[in-house]
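Peer 1: This is input_10.cif, which holds mmCIF, C-alpha atoms and all ligand atoms:
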data_structure
#
loop_
_atom_site.label_atom_id
_atom_site.label_comp_id
_atom_site.auth_asym_id
_atom_site.auth_seq_id
_atom_site.Cartn_x
_atom_site.Cartn_y
_atom_site.Cartn_z
CA MET J 1 7.65 92.04 87.61
CA SER J 2 7.39 95.50 86.12
CA ILE J 3 10.71 96.52 84.70
CA ASN J 4 11.58 97.88 81.28
CA LYS J 5 11.84 94.88 78.96
CA THR J 6 13.87 96.75 76.33
CA MET J 7 16.50 97.64 78.92
CA GLN J 8 16.48 94.13 80.36
CA HIS J 9 17.06 92.76 76.88
CA LEU J 10 19.90 95.21 76.16
CA GLY J 11 21.56 94.30 79.45
CA GLU J 12 21.23 90.57 79.00
CA GLU J 13 22.11 90.43 75.33
CA ARG J 14 25.28 92.58 75.71
CA SER J 15 27.24 93.59 72.64
CA VAL J 16 28.70 90.80 70.50
CA ILE J 17 32.09 92.51 70.72
CA ARG J 18 32.04 92.62 74.53
CA GLU J 19 30.91 88.99 74.62
CA ILE J 20 33.92 87.87 72.55
CA PHE J 21 36.23 90.03 74.68
CA GLU J 22 34.93 88.35 77.89
CA CYS J 23 35.36 84.87 76.33
CA GLY J 24 38.91 85.87 75.40
CA ASN J 25 39.66 86.85 78.99
CA ALA J 26 38.37 83.49 80.25
CA ARG J 27 40.47 81.66 77.64
CA LYS J 28 43.56 83.69 78.62
CA ARG J 29 43.15 82.51 82.21
CA GLU J 30 43.02 78.91 80.96
CA ILE J 31 45.93 78.81 78.50
CA GLY J 32 47.92 81.98 79.20
CA GLU J 33 47.59 85.49 77.86
CA GLU J 34 50.29 85.09 75.21
CA ASN J 35 48.48 82.17 73.59
CA VAL J 36 45.23 84.01 72.81
CA PHE J 37 45.02 86.46 69.87
CA ASP J 38 42.27 88.79 70.95
CA PHE J 39 41.33 91.16 68.10
CA SER J 40 37.88 91.99 69.46
CA LEU J 41 37.95 95.37 71.17
CA GLY J 42 38.85 98.87 69.96
CA ASN J 43 40.79 99.76 73.09
CA PRO J 44 43.80 101.95 72.15
CA SER J 45 47.10 100.10 72.55
CA VAL J 46 49.50 103.04 72.51
CA PRO J 47 50.07 105.27 75.56
CA ALA J 48 48.47 108.69 75.81
CA PRO J 49 50.89 111.35 74.50
CA PRO J 50 53.20 112.70 77.24
CA GLU J 51 51.37 116.05 77.28
CA VAL J 52 48.36 114.30 78.86
CA ASN J 53 50.16 113.11 81.99
CA ALA J 54 52.12 116.36 82.21
CA GLU J 55 48.89 118.36 82.14
CA ILE J 56 47.22 116.10 84.74
CA ALA J 57 50.24 116.59 87.04
CA ARG J 58 50.29 120.35 86.44
CA LEU J 59 46.57 120.73 87.14
CA ILE J 60 46.80 118.71 90.35
CA ALA J 61 49.79 120.77 91.52
CA ASP J 62 48.49 124.18 90.46
CA MET J 63 44.72 124.22 90.77
CA PRO J 64 42.88 124.17 94.10
CA SER J 65 41.34 120.74 94.50
CA VAL J 66 37.86 122.03 95.28
CA GLN J 67 37.85 124.00 92.05
CA LEU J 68 39.52 121.28 89.95
CA HIS J 69 37.18 118.47 90.94
CA GLY J 70 33.95 120.41 91.40
CA TYR J 71 31.05 120.64 88.93
CA THR J 72 31.63 122.73 85.86
CA SER J 73 28.79 124.41 83.95
CA ALA J 74 26.61 121.72 82.38
CA ALA J 75 27.95 122.51 78.88
CA GLY J 76 31.53 122.54 80.17
CA ALA J 77 34.08 124.91 81.70
CA PRO J 78 33.94 128.20 79.70
CA GLU J 79 37.70 128.26 79.03
CA VAL J 80 37.57 124.68 77.70
CA ARG J 81 34.64 125.40 75.37
CA ALA J 82 36.53 128.48 74.12
CA ALA J 83 39.68 126.40 73.55
CA VAL J 84 37.73 123.86 71.48
CA ALA J 85 36.04 126.58 69.38
CA ASP J 86 39.39 128.35 68.85
CA TYR J 87 41.01 125.08 67.81
CA LEU J 88 38.27 124.26 65.28
CA LYS J 89 38.63 127.74 63.81
CA ALA J 90 42.44 127.71 63.72
CA GLN J 91 42.82 124.16 62.44
CA PHE J 92 39.97 123.92 59.94
CA GLY J 93 38.61 127.46 59.59
CA ALA J 94 35.37 126.01 60.96
CA PRO J 95 32.91 128.62 62.22
CA VAL J 96 31.86 127.39 65.67
CA SER J 97 31.19 129.69 68.64
CA ALA J 98 32.30 128.67 72.11
CA SER J 99 28.69 129.14 73.17
CA ARG J 100 27.70 126.18 70.95
CA VAL J 101 30.31 123.70 72.19
CA TYR J 102 29.05 121.13 74.68
CA MET J 103 31.54 118.92 76.55
CA THR J 104 30.52 115.26 76.83
CA CYS J 105 31.51 111.90 78.27
CA GLY J 106 32.98 110.63 74.96
CA ALA J 107 31.49 109.90 71.55
CA ALA J 108 28.79 107.60 72.92
CA ALA J 109 27.45 110.51 74.98
CA SER J 110 27.93 112.97 72.10
CA LEU J 111 25.78 110.70 69.92
CA THR J 112 23.07 109.83 72.44
CA ILE J 113 22.69 113.50 73.38
CA THR J 114 22.59 114.70 69.75
CA LEU J 115 20.09 112.00 68.77
CA ALA J 116 17.86 112.78 71.75
CA ALA J 117 18.11 116.49 70.92
CA MET J 118 16.96 115.92 67.32
CA SER J 119 14.56 113.03 67.48
CA GLU J 120 10.80 113.49 67.27
CA ALA J 121 8.12 110.83 66.85
CA GLY J 122 8.43 109.06 63.49
CA ASP J 123 11.96 110.30 62.71
CA GLU J 124 14.37 108.16 60.74
CA PHE J 125 18.18 108.17 60.95
CA VAL J 126 20.27 106.88 58.06
CA VAL J 127 23.44 104.90 58.79
CA VAL J 128 26.00 103.67 56.26
CA ALA J 129 26.38 99.88 56.54
CA PRO J 130 28.63 98.44 57.85
CA TYR J 131 28.31 100.67 60.94
CA PHE J 132 29.25 100.82 64.63
CA PRO J 133 26.64 98.48 66.23
CA GLU J 134 25.78 100.85 69.07
CA TYR J 135 24.21 103.28 66.55
CA ARG J 136 21.14 101.06 66.50
CA VAL J 137 20.89 101.09 70.31
CA PHE J 138 21.37 104.86 70.49
CA ILE J 139 18.92 105.69 67.68
CA GLU J 140 16.19 103.39 68.95
CA GLN J 141 16.60 104.64 72.51
CA ALA J 142 16.06 108.18 71.19
CA GLY J 143 12.79 106.98 69.65
CA GLY J 144 14.13 106.99 66.09
CA LYS J 145 14.13 104.36 63.37
CA VAL J 146 17.34 103.05 61.78
CA VAL J 147 17.49 103.09 57.98
CA GLU J 148 20.54 101.42 56.46
CA ALA J 149 22.30 102.58 53.28
CA LYS J 150 24.89 100.04 52.12
CA ALA J 151 28.41 101.33 51.44
CA ALA J 152 30.06 100.72 48.06
CA GLU J 153 32.28 97.65 47.46
CA ASN J 154 35.39 99.62 48.52
CA PHE J 155 33.49 100.79 51.66
CA HIS J 156 33.24 104.39 50.43
CA LEU J 157 29.88 106.14 50.03
CA ASP J 158 27.34 104.76 47.59
CA LEU J 159 25.37 107.94 46.95
CA ALA J 160 22.60 106.13 45.10
CA ALA J 161 22.05 103.98 48.20
CA VAL J 162 22.03 107.07 50.44
CA ASP J 163 19.60 108.74 48.04
CA ARG J 164 17.23 105.76 48.31
CA ALA J 165 17.53 105.67 52.12
CA ILE J 166 16.59 109.32 52.67
CA GLY J 167 12.85 109.89 52.74
CA ALA J 168 10.23 112.27 54.05
CA HIS J 169 10.93 111.27 57.67
CA THR J 170 14.74 111.43 57.63
CA LYS J 171 16.04 113.70 60.38
CA ALA J 172 19.76 112.98 59.94
CA ILE J 173 22.44 110.73 58.52
CA ILE J 174 25.30 109.54 60.73
CA LEU J 175 28.71 109.52 59.06
CA ASN J 176 31.80 107.99 60.64
CA SER J 177 35.16 108.73 59.05
CA PRO J 178 37.78 107.31 59.56
CA ASN J 179 35.41 104.40 59.75
CA ASN J 180 34.83 101.67 62.28
CA PRO J 181 34.77 98.85 61.08
CA THR J 182 36.17 99.36 57.54
CA GLY J 183 38.98 101.92 57.97
CA ALA J 184 37.59 103.97 55.07
CA VAL J 185 38.27 107.73 55.07
CA TYR J 186 35.76 109.61 52.92
CA GLY J 187 37.32 112.04 50.46
CA LYS J 188 36.44 115.65 49.65
CA GLU J 189 34.65 114.87 46.42
CA GLU J 190 32.32 112.19 47.74
CA LEU J 191 31.53 114.40 50.75
CA ALA J 192 30.76 117.38 48.50
CA ALA J 193 28.46 115.15 46.46
CA LEU J 194 26.80 113.94 49.66
CA ALA J 195 26.35 117.55 50.82
CA ALA J 196 24.66 118.42 47.52
CA LEU J 197 22.35 115.44 47.90
CA LEU J 198 21.47 116.38 51.51
CA GLN J 199 20.82 119.95 50.40
CA LYS J 200 18.48 118.74 47.64
CA LYS J 201 16.67 116.42 50.05
CA SER J 202 16.33 119.21 52.64
CA GLU J 203 14.76 121.49 50.05
CA ALA J 204 12.36 118.78 48.91
CA ARG J 205 11.41 118.10 52.51
CA GLY J 206 11.19 121.74 53.54
CA ALA J 207 13.31 120.97 56.63
CA PRO J 208 17.00 120.27 57.10
CA VAL J 209 18.38 116.76 56.86
CA TYR J 210 21.20 117.02 59.41
CA LEU J 211 24.54 115.30 59.19
CA ILE J 212 25.91 113.84 62.42
CA ALA J 213 29.70 113.54 62.05
CA ASP J 214 30.95 110.86 64.45
CA GLU J 215 34.69 111.48 64.50
CA PRO J 216 36.49 109.67 67.32
CA TYR J 217 39.18 108.50 64.84
CA ARG J 218 39.79 111.87 63.11
CA GLU J 219 43.54 112.00 63.85
CA LEU J 220 44.17 108.30 63.21
CA THR J 221 44.92 108.19 59.49
CA TYR J 222 47.74 106.79 57.39
CA GLY J 223 48.15 109.69 55.01
CA ALA J 224 44.54 110.33 53.96
CA GLU J 225 43.16 113.78 54.69
CA VAL J 226 39.96 113.86 56.77
CA PRO J 227 37.99 116.80 55.34
CA CYS J 228 36.18 118.95 57.90
CA LEU J 229 32.46 118.37 57.37
CA LEU J 230 31.57 121.61 59.17
CA ASN J 231 32.98 123.42 56.11
CA ILE J 232 31.32 121.14 53.57
CA TYR J 233 27.76 120.94 54.87
CA PRO J 234 26.58 123.63 57.34
CA ASN J 235 23.86 121.45 58.90
CA THR J 236 26.50 119.21 60.45
CA VAL J 237 26.73 118.44 64.15
CA LEU J 238 30.21 117.31 65.12
CA CYS J 239 30.36 114.50 67.70
CA TYR J 240 33.96 114.19 68.78
CA SER J 241 35.79 112.11 71.38
CA PHE J 242 39.32 111.92 72.77
CA SER J 243 38.97 108.19 73.52
CA LYS J 244 41.03 107.03 70.55
CA SER J 245 43.19 110.01 69.54
CA LEU J 246 44.57 110.57 73.06
CA SER J 247 44.11 106.94 74.25
CA LEU J 248 41.69 108.14 76.95
CA ALA J 249 38.84 105.70 76.30
CA GLY J 250 38.23 105.01 79.99
CA GLU J 251 38.24 108.66 81.02
CA ARG J 252 35.08 109.51 79.01
CA ILE J 253 35.71 112.87 77.42
CA GLY J 254 34.54 114.42 74.14
CA TYR J 255 32.39 117.23 72.80
CA ILE J 256 29.52 118.25 70.54
CA ALA J 257 29.98 121.28 68.26
CA VAL J 258 27.04 122.97 66.49
CA PRO J 259 28.41 125.33 63.80
CA ASP J 260 27.18 128.92 63.50
CA ALA J 261 25.66 128.33 60.06
CA CYS J 262 23.65 125.28 61.17
CA ALA J 263 19.88 125.54 60.68
CA ASP J 264 18.16 126.42 63.96
CA ALA J 265 21.58 126.46 65.65
CA ASP J 266 20.36 128.09 68.87
CA ALA J 267 17.30 125.85 69.23
CA LEU J 268 19.37 122.78 68.42
CA PHE J 269 22.06 123.72 70.94
CA ALA J 270 19.40 124.35 73.60
CA ALA J 271 18.01 120.89 72.80
CA VAL J 272 21.52 119.43 73.17
CA CYS J 273 21.71 121.00 76.66
CA GLY J 274 18.21 119.71 77.43
CA ALA J 275 19.04 116.21 76.22
CA GLY J 276 22.25 116.13 78.29
CA ARG J 277 20.22 117.22 81.30
CA SER J 278 17.43 114.71 80.76
CA LEU J 279 19.95 111.89 80.30
CA GLY J 280 21.54 112.84 83.64
CA TYR J 281 25.00 113.80 82.41
CA VAL J 282 25.32 116.90 84.68
CA CYS J 283 28.75 117.78 83.23
CA ALA J 284 31.69 116.04 81.55
CA PRO J 285 34.60 114.94 83.84
CA ALA J 286 36.05 118.20 85.12
CA LEU J 287 39.73 117.21 85.31
CA PHE J 288 39.74 115.78 81.79
CA GLN J 289 37.92 118.76 80.31
CA ARG J 290 40.90 120.83 81.40
CA VAL J 291 43.43 118.25 80.26
CA ILE J 292 42.11 118.03 76.71
CA ALA J 293 42.00 121.83 76.41
CA LYS J 294 45.82 121.70 76.37
CA CYS J 295 46.09 118.63 74.10
CA LEU J 296 43.77 119.51 71.18
CA GLY J 297 44.92 118.00 67.88
CA ARG J 298 47.49 115.73 69.56
CA SER J 299 47.45 111.97 69.27
CA GLY J 300 49.23 108.86 70.49
CA ASP J 301 51.84 107.11 68.34
CA ILE J 302 50.08 106.60 65.01
CA ALA J 303 53.26 105.03 63.58
CA ALA J 304 52.66 102.01 65.84
CA TYR J 305 49.13 101.55 64.43
CA ARG J 306 50.48 101.96 60.89
CA GLU J 307 53.06 99.24 61.52
CA ASN J 308 50.33 96.91 62.81
CA ARG J 309 48.09 97.73 59.87
CA ASP J 310 50.83 96.96 57.33
CA LEU J 311 51.87 93.72 59.02
CA LEU J 312 48.30 92.50 59.25
CA TRP J 313 46.72 93.42 55.93
CA LYS J 314 49.77 92.52 53.87
CA GLY J 315 50.16 89.28 55.82
CA LEU J 316 46.51 88.32 55.35
CA ALA J 317 46.40 89.43 51.71
CA ASP J 318 49.49 87.25 51.00
CA MET J 319 47.62 84.29 52.49
CA GLY J 320 44.71 84.87 50.12
CA PHE J 321 42.27 86.69 52.40
CA ALA J 322 40.34 89.48 50.65
CA CYS J 323 40.73 92.81 52.45
CA VAL J 324 40.87 96.50 51.55
CA PRO J 325 43.84 98.30 53.18
CA PRO J 326 42.44 100.61 55.89
CA GLU J 327 43.04 104.35 55.36
CA GLY J 328 42.44 105.20 59.01
CA ALA J 329 41.22 104.05 62.46
CA PHE J 330 42.59 100.68 63.70
CA TYR J 331 40.33 98.05 62.18
CA LEU J 332 40.68 95.67 59.24
CA PHE J 333 37.48 94.41 57.63
CA VAL J 334 38.13 91.06 55.98
CA LYS J 335 35.85 89.05 53.72
CA SER J 336 34.94 85.77 55.32
CA PRO J 337 36.02 82.86 53.12
CA GLU J 338 32.62 81.26 53.81
CA PRO J 339 29.30 83.13 53.60
CA ASP J 340 28.54 82.62 57.29
CA ALA J 341 30.95 84.93 59.14
CA LYS J 342 29.92 83.50 62.52
CA ALA J 343 30.94 80.00 61.38
CA PHE J 344 34.26 81.44 60.17
CA CYS J 345 34.85 83.08 63.57
CA GLU J 346 34.13 79.74 65.28
CA ARG J 347 36.75 78.06 63.07
CA ALA J 348 39.21 80.88 63.82
CA LYS J 349 38.72 80.21 67.55
CA LYS J 350 40.33 76.78 67.07
CA TYR J 351 43.57 78.68 66.46
CA GLU J 352 42.84 81.05 69.38
CA LEU J 353 42.03 83.88 66.96
CA LEU J 354 39.20 86.07 68.31
CA LEU J 355 37.53 87.95 65.46
CA VAL J 356 34.19 89.77 65.37
CA PRO J 357 31.60 88.64 62.78
CA SER J 358 30.12 91.47 60.72
CA ASP J 359 26.45 90.67 61.31
CA SER J 360 26.03 93.19 64.14
CA PHE J 361 27.64 95.85 61.90
CA GLY J 362 24.67 95.52 59.52
CA VAL J 363 26.33 93.41 56.79
CA GLU J 364 26.95 89.70 56.40
CA GLY J 365 30.04 87.79 55.32
CA TYR J 366 32.90 89.80 56.86
CA VAL J 367 34.91 89.88 60.07
CA ARG J 368 36.41 92.84 61.92
CA ILE J 369 39.95 92.58 63.24
CA SER J 370 40.98 95.31 65.73
CA TYR J 371 44.69 95.80 65.33
CA CYS J 372 45.14 98.10 68.32
CA VAL J 373 47.22 95.37 69.98
CA ALA J 374 50.92 94.80 70.64
CA LYS J 375 52.92 94.30 67.44
CA GLU J 376 54.14 90.95 68.80
CA THR J 377 50.54 89.74 69.05
CA ILE J 378 50.11 90.32 65.32
CA GLU J 379 53.48 88.72 64.53
CA ARG J 380 52.68 85.65 66.59
CA SER J 381 49.13 85.42 65.21
CA LEU J 382 50.18 85.22 61.54
CA PRO J 383 51.04 81.48 61.60
CA ALA J 384 47.59 80.86 63.12
CA PHE J 385 45.95 82.87 60.31
CA ALA J 386 48.03 80.86 57.81
CA LYS J 387 46.64 77.58 59.21
CA LEU J 388 43.14 79.02 58.97
CA ALA J 389 43.74 80.08 55.35
CA LYS J 390 44.94 76.56 54.57
CA GLU J 391 41.74 75.07 55.97
CA TYR J 392 39.83 77.08 53.39
CA GLY J 393 42.29 76.26 50.61
CA LEU J 394 43.05 79.96 50.02
CA LYS J 395 45.86 80.86 47.58
N1 LIG J 401 31.63 105.85 67.44
C1 LIG J 401 32.42 104.93 66.90
C2 LIG J 401 32.45 104.77 65.44
C3 LIG J 401 33.22 104.11 67.72
O1 LIG J 401 34.01 103.19 67.16
C4 LIG J 401 33.16 104.28 69.12
C5 LIG J 401 33.94 103.43 70.01
O2 LIG J 401 34.55 102.46 69.66
C6 LIG J 401 32.32 105.27 69.63
C7 LIG J 401 31.56 106.03 68.77
C8 LIG J 401 32.21 105.52 71.10
O3 LIG J 401 33.40 106.13 71.53
P1 LIG J 401 33.60 106.65 73.03
O4 LIG J 401 34.43 105.62 73.72
O5 LIG J 401 34.32 107.94 72.89
O6 LIG J 401 32.26 106.79 73.63
#
Any chance you could put this one into structure tokens?

Peer 2:
Amino acid sequence: MSINKTMQHLGEERSVIREIFECGNARKREIGEENVFDFSLGNPSVPAPPEVNAEIARLIADMPSVQLHGYTSAAGAPEVRAAVADYLKAQFGAPVSASRVYMTCGAAASLTITLAAMSEAGDEFVVVAPYFPEYRVFIEQAGGKVVEAKAAENFHLDLAAVDRAIGAHTKAIILNSPNNPTGAVYGKEELAALAALLQKKSEARGAPVYLIADEPYRELTYGAEVPCLLNIYPNTVLCYSFSKSLSLAGERIGYIAVPDACADADALFAAVCGAGRSLGYVCAPALFQRVIAKCLGRSGDIAAYRENRDLLWKGLADMGFACVPPEGAFYLFVKSPEPDAKAFCERAKKYELLLVPSDSFGVEGYVRISYCVAKETIERSLPAFAKLAKEYGLK
């Protein structure tokens, strides 16, 4: 049978996270939804802000259906691209022209398109471990090679590790802040130091080392500022998504922005358009392009995520689990009390706790807990965590 073995493998293997989520659904059918503590998936748990539904209703009432639901230009509706560029300028002072904004089907599309646009034979892409597992799939599909640079103990950047990871074949580094799975938000100083390093490496190489800023969690922080990378390092391509900020994960809407000062900006943007075309994207969802144009910078109820974060990390820390309080996003990365995180997750399952082992995030010995769930789920799960802690003799 002649089919693509890589694709067959990707389809059969599925992601570890999705696998746990499906097991959780089966278990819920067996013992009841309220008895399973599913912390596997990063599906937003707060409603979209009211502006989203209001804008959907307004567009449906006001705009002729044929126009509203028809194709837009491949890069997006002109007024939407202009709104995004204006927002980036007004909010961050970031120099991006509307003509270099490309609307996408969420961050996954922003990343696959950007990687395909950049990647040439032999290229390497640096990721900071732990990292979103799909990076490996996206990079390898674009023909690139993944090179891991371990984060520091507190999950911030370890510049010496990044320095070692960047070589003669590095095309770009992917940075994700606020971070999935650690919740780290990189500060101005470490980003400025990274920019200086990338600049030095670019000069040594005689070609730019690009920075791909994967920012689906930009608005989801608990006080930490998320510096705008477009202003810190000009060779940054911003890959944004509204999946998490506006709780629109299923609607598939985001964008790519190539700043004016980016090296080879026009060629790179043309390659972005070419990559989107070759991957068959045609255009981003037309209705939601227009919706987000009126909701830029908004977010769902971050206070609810903050409440969950505080309940969970304080609760687990009190029980003796080792965890760094997340500064953003909605994940807690906890050290497994035994070296084998998969074995720990199996033990957790006895108490109906569904956690994700860190192995697929590129590090061993941790678990990820997604706290984008109902507050009651966290409250009711704490006694189960306490039993688990007792099994390991913590505290
Ligand atoms: N990048 C990171 C770090 C993510 O956590 C996710 C989704 O969880 C994505 C990209 C993909 O987001 P989207 O649903 O917008 O494609």

Peer 1: From the options J:Ala121, J:Val137, J:Ile113, J:Ala75, which residue's atoms come nearest to Glu13 of chain J, counting all atoms listed in the file?

Peer 2: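 Nearest candidate to Glu13 of chain J out of J:Ala121, J:Val137, J:Ile113, J:Ala75: J:Val137.
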
Peer 1: Once 4 Å is added on each side, what centre and edge lengths in Å to one decimal does the axis-aligned box around all listed atoms of ligand LIG 401 (chain J) have, as lines of an AutoDock Vina configuration file?

Peer 2:
center_x = 33.1
center_y = 105.2
center_z = 69.6
size_x = 11.0
size_y = 13.5
size_z = 16.3

Peer 1: Within 7 Å of ligand LIG 401 (chain J), which residues of chain J show up? Give each one with its shortest atom-to-atom distance in Å (one decimal) and the two atoms involved, counting only C-alpha atoms and all ligand atoms, rows by chain then rising residue number, as CSV.

Peer 2:
residue,atom,partner,partner_atom,distance
J:Gly42,CA,J:LIG401,O2,5.6
J:Cys105,CA,J:LIG401,O6,6.9
J:Gly106,CA,J:LIG401,O5,3.6
J:Ala107,CA,J:LIG401,O5,3.7
J:Ala108,CA,J:LIG401,O6,3.6
J:Ala109,CA,J:LIG401,O6,6.2
J:Phe132,CA,J:LIG401,C2,5.1
J:Asn176,CA,J:LIG401,C2,5.8
J:Asn179,CA,J:LIG401,C2,6.4
J:Asn180,CA,J:LIG401,C2,5.0
J:Asp214,CA,J:LIG401,N1,5.9
J:Pro216,CA,J:LIG401,N1,6.2
J:Ser241,CA,J:LIG401,O5,4.7
J:Phe242,CA,J:LIG401,O5,6.4
J:Ser243,CA,J:LIG401,O5,4.7
J:Ala249,CA,J:LIG401,O4,5.1
J:Arg252,CA,J:LIG401,O5,6.4
J:Ile253,CA,J:LIG401,O5,6.8
J:Gly254,CA,J:LIG401,O5,6.6

Peer 1: Which of these, J:Glu225, J:Ala149, J:Pro208, J:Gly280, has the shortest distance to Ala263 of chain J once you count all atoms listed in the file?

Peer 2: J:Pro208

Peer 1: Kindly indicate which residue among J:Lys188, J:Lys145, J:Arg290, J:Arg29 lies nearest to Met63 of chain J, using only C-alpha atoms for the distances.

Peer 2: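 Between J:Lys188, J:Lys145, J:Arg290, J:Arg29, the residue approaching Met63 of chain J most closely is J:Arg290.
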
Peer 1: Given the point (21.7, 123.9, 54.1) in the coordinates of this file, which residues lie within 6 Å, counting only C-alpha atoms, and how would they look as an MDAnalysis selection string?

Peer 2: chainID J and resid 199 234:235

Peer 1: Could you tell me which of J:Leu248, J:Cys345, J:Val226, J:Val282 comes closest to Ser299 of chain J if we count all atoms listed in the file?

Peer 2: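 Using all atoms listed in the file, Ser299 of chain J sits closest to J:Leu248.
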
Peer 1: Determine, counting only C-alpha atoms, which protein, DNA and RNA residues have an atom within 10 Å of an atom of Glu352 of chain J; residues of the same chain fewer than 4 positions away are not included. Present the result as JSON, numbers by chain.

Peer 2: {"J": [24, 27, 28, 31, 35, 36, 37, 38, 346, 347, 348, 381, 384, 385]}
